[in-house]
>>> print(open('final33.tsv').read())   # TSV, C-alpha atoms
chain	number	residue	atom	x	y	z
A	1	MET	CA	15.81	14.32	50.13
A	2	LEU	CA	16.58	17.63	51.80
A	3	LEU	CA	19.99	17.70	50.12
A	4	PHE	CA	18.38	17.12	46.72
A	5	VAL	CA	15.89	19.96	47.24
A	6	ALA	CA	18.58	22.35	48.47
A	7	LEU	CA	20.80	21.56	45.49
A	8	PHE	CA	17.99	22.17	43.03
A	9	VAL	CA	16.97	25.46	44.66
A	10	LEU	CA	20.54	26.78	44.73
A	11	THR	CA	21.78	25.68	41.30
A	12	GLY	CA	18.72	24.75	39.27
A	13	GLN	CA	20.28	21.31	38.71
A	14	VAL	CA	18.65	17.98	39.40
A	15	ASN	CA	22.06	16.33	39.75
A	16	PRO	CA	25.31	17.69	41.23
A	17	PRO	CA	27.76	19.18	38.71
A	18	SER	CA	29.88	16.73	36.75
A	19	THR	CA	33.42	16.95	35.43
A	20	TYR	CA	34.25	15.79	31.92
A	21	TYR	CA	37.66	15.23	30.35
A	22	LEU	CA	39.01	15.95	26.89
A	23	ALA	CA	42.26	14.71	25.28
A	24	LYS	CA	43.83	14.46	21.85
A	25	THR	CA	44.18	10.74	22.52
A	26	GLY	CA	40.54	10.42	23.60
A	27	ILE	CA	37.64	8.63	21.94
A	28	ASN	CA	34.04	9.85	21.65
A	29	THR	CA	32.14	6.92	23.11
A	30	THR	CA	29.70	7.79	25.89
A	31	CYS	CA	29.17	10.69	28.26
A	32	ALA	CA	29.71	8.35	31.18
A	33	ALA	CA	33.14	7.41	29.82
A	34	ALA	CA	34.06	11.08	29.30
A	35	ARG	CA	33.61	11.68	33.04
A	36	SER	CA	36.77	9.67	33.70
A	37	VAL	CA	40.25	11.09	33.13
A	38	THR	CA	41.29	7.65	31.82
A	39	THR	CA	38.63	7.56	29.07
A	40	PRO	CA	38.32	11.17	27.88
A	41	ALA	CA	36.37	12.53	24.95
A	42	ALA	CA	38.18	13.43	21.75
A	43	THR	CA	36.38	16.63	20.75
A	44	MET	CA	35.02	19.70	22.48
A	45	GLU	CA	31.74	19.31	20.63
A	46	PHE	CA	31.11	15.81	21.98
A	47	ALA	CA	31.97	16.81	25.54
A	48	MET	CA	29.85	19.98	25.40
A	49	ASN	CA	26.82	17.98	24.30
A	50	CYS	CA	27.23	15.84	27.42
A	51	MET	CA	27.34	18.82	29.76
A	52	ILE	CA	24.59	20.61	31.63
A	53	GLY	CA	24.84	23.97	33.38
A	54	GLY	CA	27.42	24.06	36.15
A	55	ASP	CA	29.53	21.23	34.74
A	56	THR	CA	33.28	21.45	34.13
A	57	LEU	CA	35.28	20.35	31.09
A	58	ILE	CA	39.01	19.76	31.67
A	59	ALA	CA	41.24	19.49	28.61
A	60	ARG	CA	44.57	17.72	28.42
A	61	ALA	CA	47.49	19.22	26.48
A	62	GLY	CA	47.18	19.78	22.75
A	63	VAL	CA	45.68	21.92	19.99
A	64	TYR	CA	41.95	21.54	19.44
A	65	GLU	CA	40.61	22.71	16.09
A	66	GLU	CA	36.84	22.92	15.92
A	67	ARG	CA	34.07	25.14	14.61
A	68	LEU	CA	31.89	26.04	17.60
A	69	HIS	CA	30.49	29.42	16.76
A	70	LYS	CA	26.87	29.36	15.68
A	71	ALA	CA	23.78	28.67	17.71
A	72	GLY	CA	22.52	26.31	15.00
A	73	LEU	CA	25.54	24.06	15.34
A	74	ASN	CA	26.03	21.48	18.05
A	75	GLY	CA	28.75	22.07	20.58
A	76	MET	CA	28.35	25.14	22.76
A	77	PHE	CA	28.69	25.33	26.50
A	78	PRO	CA	25.41	25.23	28.45
A	79	SER	CA	24.69	28.20	30.66
A	80	GLY	CA	25.52	27.93	34.31
A	81	SER	CA	24.15	29.96	37.21
A	82	ALA	CA	25.44	32.65	39.55
A	83	ILE	CA	26.64	30.03	42.04
A	84	ALA	CA	27.44	27.19	39.64
A	85	TRP	CA	29.31	28.44	36.59
A	86	THR	CA	29.96	26.19	33.62
A	87	THR	CA	33.75	25.94	33.25
A	88	PHE	CA	36.22	24.98	30.52
A	89	LYS	CA	39.80	24.82	31.75
A	90	ALA	CA	43.18	23.21	31.19
A	91	TYR	CA	44.43	20.21	33.12
A	92	PRO	CA	46.87	21.45	35.79
A	93	GLY	CA	50.35	22.05	34.38
A	94	GLU	CA	49.38	21.41	30.75
A	95	GLU	CA	49.07	23.80	27.78
A	96	VAL	CA	45.81	23.71	25.88
A	97	TRP	CA	45.28	25.67	22.66
A	98	VAL	CA	42.07	26.22	20.73
A	99	ARG	CA	42.11	27.08	17.03
A	100	THR	CA	39.46	27.49	14.38
A	101	ILE	CA	39.01	25.05	11.51
A	102	ASN	CA	41.11	26.18	8.58
A	103	ASP	CA	38.25	26.31	6.06
A	104	ASP	CA	35.99	28.44	8.27
A	105	PRO	CA	35.71	31.80	6.45
A	106	TRP	CA	34.91	33.76	9.63
A	107	GLY	CA	37.43	32.27	11.97
A	108	ALA	CA	35.48	32.43	15.22
A	109	ILE	CA	36.48	29.81	17.75
A	110	PHE	CA	33.65	30.49	20.20
A	111	GLU	CA	30.53	32.55	19.66
A	112	PHE	CA	28.27	32.91	22.67
A	113	ASP	CA	24.69	33.49	21.59
A	114	GLY	CA	22.44	33.52	24.64
A	115	GLY	CA	24.92	31.94	27.05
A	116	SER	CA	25.54	33.03	30.62
A	117	TYR	CA	27.73	32.18	33.61
A	118	ILE	CA	30.42	30.47	31.55
A	119	HIS	CA	34.13	30.64	32.44
A	120	ILE	CA	36.96	29.75	30.04
A	121	ASP	CA	40.06	29.63	32.24
A	122	GLY	CA	43.68	28.94	31.35
A	123	ILE	CA	42.88	28.12	27.72
A	124	ASN	CA	45.21	29.52	25.03
A	125	TRP	CA	44.02	30.98	21.72
A	126	ASP	CA	45.81	30.43	18.40
A	127	GLY	CA	44.68	32.35	15.31
A	128	TYR	CA	46.96	30.46	12.94
A	129	VAL	CA	45.58	29.55	9.55
A	130	SER	CA	47.20	28.49	6.29
A	131	PRO	CA	48.27	31.13	3.73
A	132	THR	CA	45.21	30.23	1.64
A	133	ARG	CA	43.08	32.03	4.22
A	134	ILE	CA	44.71	35.42	3.59
A	135	PRO	CA	43.24	37.98	3.09
A	136	PHE	CA	40.73	37.58	5.89
A	137	PRO	CA	37.29	39.17	6.07
A	138	GLU	CA	37.26	42.39	8.05
A	139	GLU	CA	35.14	40.96	10.84
A	140	TYR	CA	37.34	38.01	11.77
A	141	VAL	CA	36.65	37.49	15.49
A	142	MET	CA	38.15	34.74	17.62
A	143	LEU	CA	35.82	35.30	20.59
A	144	LYS	CA	32.37	36.76	20.00
A	145	ILE	CA	29.85	37.51	22.75
A	146	ASN	CA	26.45	38.54	21.44
A	147	GLN	CA	24.05	41.00	22.99
A	148	ASN	CA	21.90	38.35	24.65
A	149	SER	CA	24.85	36.80	26.53
A	150	HIS	CA	26.06	37.81	29.97
A	151	HIS	CA	28.54	36.73	32.64
A	152	ILE	CA	31.00	35.25	30.17
A	153	LYS	CA	34.51	35.26	31.62
A	154	VAL	CA	37.71	34.49	29.69
A	155	SER	CA	40.87	34.50	31.80
A	156	ASN	CA	44.51	33.48	32.20
A	157	GLY	CA	45.22	32.41	28.64
A	158	LYS	CA	47.78	33.19	25.98
A	159	ILE	CA	47.08	34.66	22.55
A	160	LYS	CA	49.17	34.20	19.42
A	161	ASN	CA	48.95	34.39	15.64
A	162	LEU	CA	46.12	36.87	15.51
A	163	ALA	CA	44.91	37.81	12.05
A	164	ASP	CA	42.98	40.77	10.63
A	165	GLY	CA	40.00	41.57	12.81
A	166	TRP	CA	39.53	41.24	16.56
A	167	PHE	CA	40.46	38.87	19.30
A	168	SER	CA	37.18	39.64	21.04
A	169	GLN	CA	33.96	41.43	20.26
A	170	ASN	CA	31.46	41.87	23.06
A	171	GLN	CA	27.92	43.25	22.90
A	172	GLY	CA	26.68	41.71	26.14
A	173	ASN	CA	26.64	42.77	29.77
A	174	ASP	CA	28.67	41.79	32.85
A	175	ASN	CA	31.40	40.00	30.87
A	176	GLU	CA	35.12	39.91	31.61
A	177	LEU	CA	38.55	39.53	30.01
A	178	SER	CA	41.30	39.11	32.57
A	179	GLY	CA	44.85	37.81	32.79
A	180	MET	CA	45.25	37.31	29.03
A	181	LYS	CA	48.65	37.73	27.41
A	182	GLY	CA	49.96	37.97	23.86
A	183	GLY	CA	49.26	39.31	20.41
A	184	GLY	CA	51.20	38.84	17.20
A	185	TYR	CA	50.68	40.52	13.85
A	186	TYR	CA	52.58	41.06	10.65
A	187	LYS	CA	54.42	44.39	10.68
A	188	GLY	CA	56.30	45.74	7.69
A	189	SER	CA	58.46	42.93	6.38
A	190	SER	CA	58.68	40.83	9.54
A	191	TYR	CA	56.42	38.85	11.80
A	192	LEU	CA	55.79	39.82	15.38
A	193	SER	CA	55.24	37.01	17.86
A	194	GLY	CA	54.44	34.59	15.06
A	195	GLY	CA	51.67	36.69	13.53
A	196	THR	CA	49.83	35.31	10.51
A	197	GLY	CA	49.74	38.52	8.54
A	198	CYS	CA	47.83	41.71	8.01
A	199	GLU	CA	46.74	41.89	4.41
A	200	GLN	CA	43.84	44.32	4.21
A	201	ALA	CA	44.15	47.86	2.83
A	202	THR	CA	43.59	49.09	6.38
A	203	CYS	CA	45.17	46.81	8.93
A	204	TRP	CA	42.61	46.27	11.68
A	205	GLY	CA	43.31	44.39	14.83
A	206	TYR	CA	41.78	44.86	18.26
A	207	PHE	CA	42.22	42.96	21.46
A	208	ALA	CA	38.78	44.05	22.68
A	209	TYR	CA	36.05	45.81	20.69
A	210	TRP	CA	33.44	46.05	23.44
A	211	ASN	CA	30.17	47.70	24.32
A	212	GLY	CA	27.39	46.85	26.76
A	213	LEU	CA	26.98	47.36	30.50
A	214	ARG	CA	29.26	46.71	33.48
A	215	ASN	CA	31.96	44.82	31.60
A	216	LYS	CA	35.54	44.37	32.83
A	217	ILE	CA	38.91	44.26	31.06
A	218	ILE	CA	41.43	43.68	33.84
A	219	GLY	CA	45.06	42.65	34.21
A	220	ASN	CA	45.87	41.77	30.59
A	221	GLU	CA	49.19	42.20	28.78
A	222	VAL	CA	48.67	42.75	25.06
A	223	TYR	CA	51.19	43.78	22.41
A	224	ASP	CA	51.95	43.75	18.66
A	225	ILE	CA	48.44	44.92	17.81
A	226	PRO	CA	48.15	46.97	14.59
A	227	SER	CA	45.16	49.02	15.68
A	228	TRP	CA	43.41	49.93	18.93
A	229	VAL	CA	44.03	47.53	21.79
A	230	VAL	CA	40.76	48.35	23.59
A	231	HIS	CA	37.97	50.13	21.75
A	232	LEU	CA	34.78	50.93	23.69
A	233	TYR	CA	32.14	51.93	21.17
A	234	CYS	CA	28.56	51.26	20.10
A	235	TYR	CA	28.14	51.91	16.40
A	236	SER	CA	24.33	51.82	16.41
A	237	PRO	CA	21.78	51.76	19.26
A	238	ALA	CA	19.73	49.36	17.16
A	239	TYR	CA	22.43	46.70	17.51
A	240	CYS	CA	24.21	47.39	20.78
A	241	ASN	CA	24.13	49.16	24.13
A	242	ARG	CA	26.45	52.10	24.71
A	243	PRO	CA	29.45	51.02	26.77
A	244	THR	CA	28.47	51.96	30.30
A	245	GLU	CA	30.35	51.42	33.58
A	246	THR	CA	33.08	49.45	31.82
A	247	LEU	CA	36.17	48.95	33.96
A	248	VAL	CA	39.53	48.92	32.13
A	249	LYS	CA	42.09	48.41	34.88
A	250	ASP	CA	45.63	47.20	35.58
A	251	ASN	CA	46.40	46.32	31.97
A	252	ASN	CA	49.79	46.49	30.23
A	253	PHE	CA	49.39	47.52	26.56
A	254	HIS	CA	52.41	48.17	24.38
A	255	ASP	CA	53.80	48.17	20.83
A	256	TYR	CA	50.54	48.83	19.02
A	257	GLY	CA	49.06	51.11	16.38
A	258	PHE	CA	51.46	50.39	13.55
A	259	GLY	CA	48.90	49.34	10.95
A	260	ASP	CA	45.87	51.61	11.10
A	261	SER	CA	47.02	54.77	9.34
A	262	GLY	CA	48.11	56.40	12.60
A	263	ARG	CA	44.59	56.52	14.04
A	264	ALA	CA	44.88	53.90	16.74
A	265	SER	CA	45.06	54.44	20.48
A	266	GLY	CA	45.93	52.01	23.22
A	267	ILE	CA	42.58	52.59	24.91
A	268	LEU	CA	39.82	54.41	23.05
A	269	VAL	CA	36.62	55.26	24.89
A	270	ALA	CA	34.73	56.46	21.84
A	271	SER	CA	31.27	56.60	23.39
A	272	GLY	CA	29.30	55.60	26.46
A	273	ASP	CA	28.92	56.77	30.03
A	274	ALA	CA	30.67	56.33	33.39
A	275	ASN	CA	33.46	54.14	32.02
A	276	GLN	CA	36.68	53.89	34.04
A	277	VAL	CA	40.27	53.67	32.77
A	278	ILE	CA	42.41	53.13	35.85
A	279	THR	CA	46.05	52.20	36.62
A	280	ASN	CA	46.98	50.88	33.18
A	281	ALA	CA	50.47	51.01	31.61
A	282	VAL	CA	50.29	52.11	27.98
A	283	TRP	CA	53.54	52.50	26.05
A	284	ASN	CA	55.36	52.38	22.70
A	285	ASN	CA	52.27	53.59	20.90
A	286	MET	CA	52.89	54.02	17.17
A	287	GLY	CA	49.39	55.24	16.45
A	288	TYR	CA	47.46	58.28	17.66
A	289	ALA	CA	47.59	58.30	21.44
A	290	ALA	CA	47.97	56.21	24.54
A	291	ILE	CA	44.45	56.92	25.81
A	292	ASP	CA	41.77	58.71	23.83
A	293	ILE	CA	38.40	59.80	25.21
A	294	GLY	CA	35.90	60.64	22.46
A	295	PRO	CA	33.62	63.68	22.54
A	296	THR	CA	30.46	61.60	22.99
A	297	ALA	CA	31.87	59.69	25.97
A	298	THR	CA	30.48	61.20	29.16
A	299	ASN	CA	31.59	60.99	32.80
A	300	THR	CA	34.71	59.02	31.95
A	301	ILE	CA	37.18	58.51	34.81
A	302	VAL	CA	40.88	58.22	33.86
A	303	GLN	CA	43.16	57.83	36.87
A	304	GLY	CA	46.60	56.56	37.78
A	305	ASN	CA	47.69	55.41	34.32
A	306	THR	CA	51.35	55.24	33.28
A	307	TYR	CA	52.33	56.55	29.87
A	308	VAL	CA	55.76	55.86	28.38
A	309	LYS	CA	56.99	58.01	25.54
A	310	PRO	CA	56.79	56.22	22.16
A	311	PRO	CA	59.85	55.72	19.95
A	312	ALA	CA	61.38	58.83	18.42
A	313	SER	CA	60.43	57.51	14.99
A	314	ALA	CA	56.76	57.75	15.92
A	315	PRO	CA	56.30	60.63	18.35
A	316	LYS	CA	52.62	60.64	19.23
A	317	PRO	CA	50.70	62.37	21.99
A	318	LEU	CA	50.47	60.41	25.18
A	319	LEU	CA	46.92	61.47	25.97
A	320	ALA	CA	44.12	62.89	23.88
A	321	PRO	CA	41.54	64.04	26.44
A	322	SER	CA	38.23	65.42	25.22
A	323	GLY	CA	35.78	63.99	27.74
A	324	LEU	CA	37.74	63.43	30.94
A	325	SER	CA	36.32	63.93	34.39
A	326	ALA	CA	39.62	63.06	36.10
A	327	ASN	CA	43.14	61.98	35.32
>>> encode(input="final33.tsv", output="structure tokens")
Amino acid sequence: MLLFVALFVLTGQVNPPSTYYLAKTGINTTCAAARSVTTPAATMEFAMNCMIGGDTLIARAGVYEERLHKAGLNGMFPSGSAIAWTTFKAYPGEEVWVRTINDDPWGAIFEFDGGSYIHIDGINWDGYVSPTRIPFPEEYVMLKINQNSHHIKVSNGKIKNLADGWFSQNQGNDNELSGMKGGGYYKGSSYLSGGTGCEQATCWGYFAYWNGLRNKIIGNEVYDIPSWVVHLYCYSPAYCNRPTETLVKDNNFHDYGFGDSGRASGILVASGDANQVITNAVWNNMGYAAIDIGPTATNTIVQGNTYVKPPASAPKPLLAPSGLSAN
């Protein structure tokens, strides 16, 4: 009895966290069956509807194509708690890829609308779609975190076949991207890293278009991005919080800025307050600058970053400081 009370007080759960399994060879039968690695579920949606906050979903190798991006649809992870996060991760030693349904006009794989304390770890993201999906809408987003979501962490995954738009758009607070690697866009007459194409008049393409409070972008390697890699900006106070106390640290950003009319920077702090850009490597920029601090960004700290001169064919400034407090 004491153990039950302690568990409820600490986690908010009546029962201890459960682990569910997902496999391409699985069958959607019962939630009880999905808790065994020998009788896994077949779809993320089915498994998610079994889960409660603090549970874990472990996926076996394969590509999972599902539409899981609106609050009105079934199949979104339940919120966890500060000491019992809800987790979606790959089975040890196996590669798991998530990809949107081909007929989905907006392309989002996950949209978090009100979620919190959710960790997606070691899951790979594939933006591939058939040629019938090109051109894409401007706001194609693979990972979207809305303003009412917090403590969403996405880590240690690969990215490939990105299309026009963004890998991630965040409007919430206390969220994190870490340990991600990849990119891949169409450039000129050839594909980079298997990119699906860039067909708009202006070729957009961000790794992270983020605002909100106390967010972290740490330890990622991102390349072959046509526009800004990281863009910290709130376009309207009615819809978002100014990026504040964002930490952009220990990232490796390279070979970017080839598709956005020369405007793009590796890291753009366009607005906000007390954001930090620390110990990043930013190189082979074909756009505007390696790091750009906008005039409305205040108290920005830029320290210990490494800039490598871009190719001679695209000599751009390494740093465009207009709001720096340190470098």
>>> closest_residue(input="final33.tsv", among="A:His254, A:Arg67, A:Arg60, A:His231", to="Gly294 (chain A)", atoms="only C-alpha atoms")
A:His231
>>> residues_around(input="final33.tsv", residues="Val63 (chain A)", least_positions_apart="5", cutoff="12 Å", atoms="all atoms listed in the file", output="ChimeraX atom specification")
/A:22-25,42-44,90,94-101,123-128
>>> closest_residue(input="final33.tsv", among="A:Gly272, A:Pro40, A:Gly304, A:Gly266", to="Ala289 (chain A)", atoms="only C-alpha atoms")
A:Gly266
>>> residues_around(input="final33.tsv", residues="Pro243 (chain A)", least_positions_apart="4", cutoff="10 Å", atoms="only C-alpha atoms", output="PyMOL selection string")
chain A and resi 171-173+210-215+231-234+269-275+297
>>> residues_around(input="final33.tsv", residues="Ser178 (chain A)", least_positions_apart="4", cutoff="6 Å", atoms="all atoms listed in the file", output="PyMOL selection string")
chain A and resi 155+217-220
>>> atom_distance(input="final33.tsv", atom1="CA of Val222 (chain A)", atom2="CA of Val141 (chain A)")
16.2 Å
>>> closest_residue(input="final33.tsv", among="A:Tyr209, A:Val154, A:Gln147, A:Glu221", to="Ser168 (chain A)", atoms="all atoms listed in the file")
A:Tyr209
>>> atom_distance(input="final33.tsv", atom1="CA of Ala41 (chain A)", atom2="CA of Gly182 (chain A)")
28.9 Å
>>> closest_residue(input="final33.tsv", among="A:Ser79, A:Gly93, A:Leu143, A:Lys153", to="Gly114 (chain A)", atoms="only C-alpha atoms")
A:Ser79
>>> atom_distance(input="final33.tsv", atom1="CA of Met286 (chain A)", atom2="CA of Ser265 (chain A)")
8.5 Å
>>> closest_residue(input="final33.tsv", among="A:Thr298, A:Thr306, A:Ala281, A:Tyr206", to="Ala264 (chain A)", atoms="all atoms listed in the file")
A:Tyr206
>>> residues_around(input="final33.tsv", residues="region 109-112 of chain A", least_positions_apart="5", cutoff="6 Å", atoms="only C-alpha atoms", output="list in words")
Leu68, His69, Thr100, Met142, Leu143, Lys144 and Ile145 of chain A
>>> closest_residue(input="final33.tsv", among="A:His119, A:Arg242, A:Lys158, A:Lys216", to="Val277 (chain A)", atoms="all atoms listed in the file")
A:Lys216
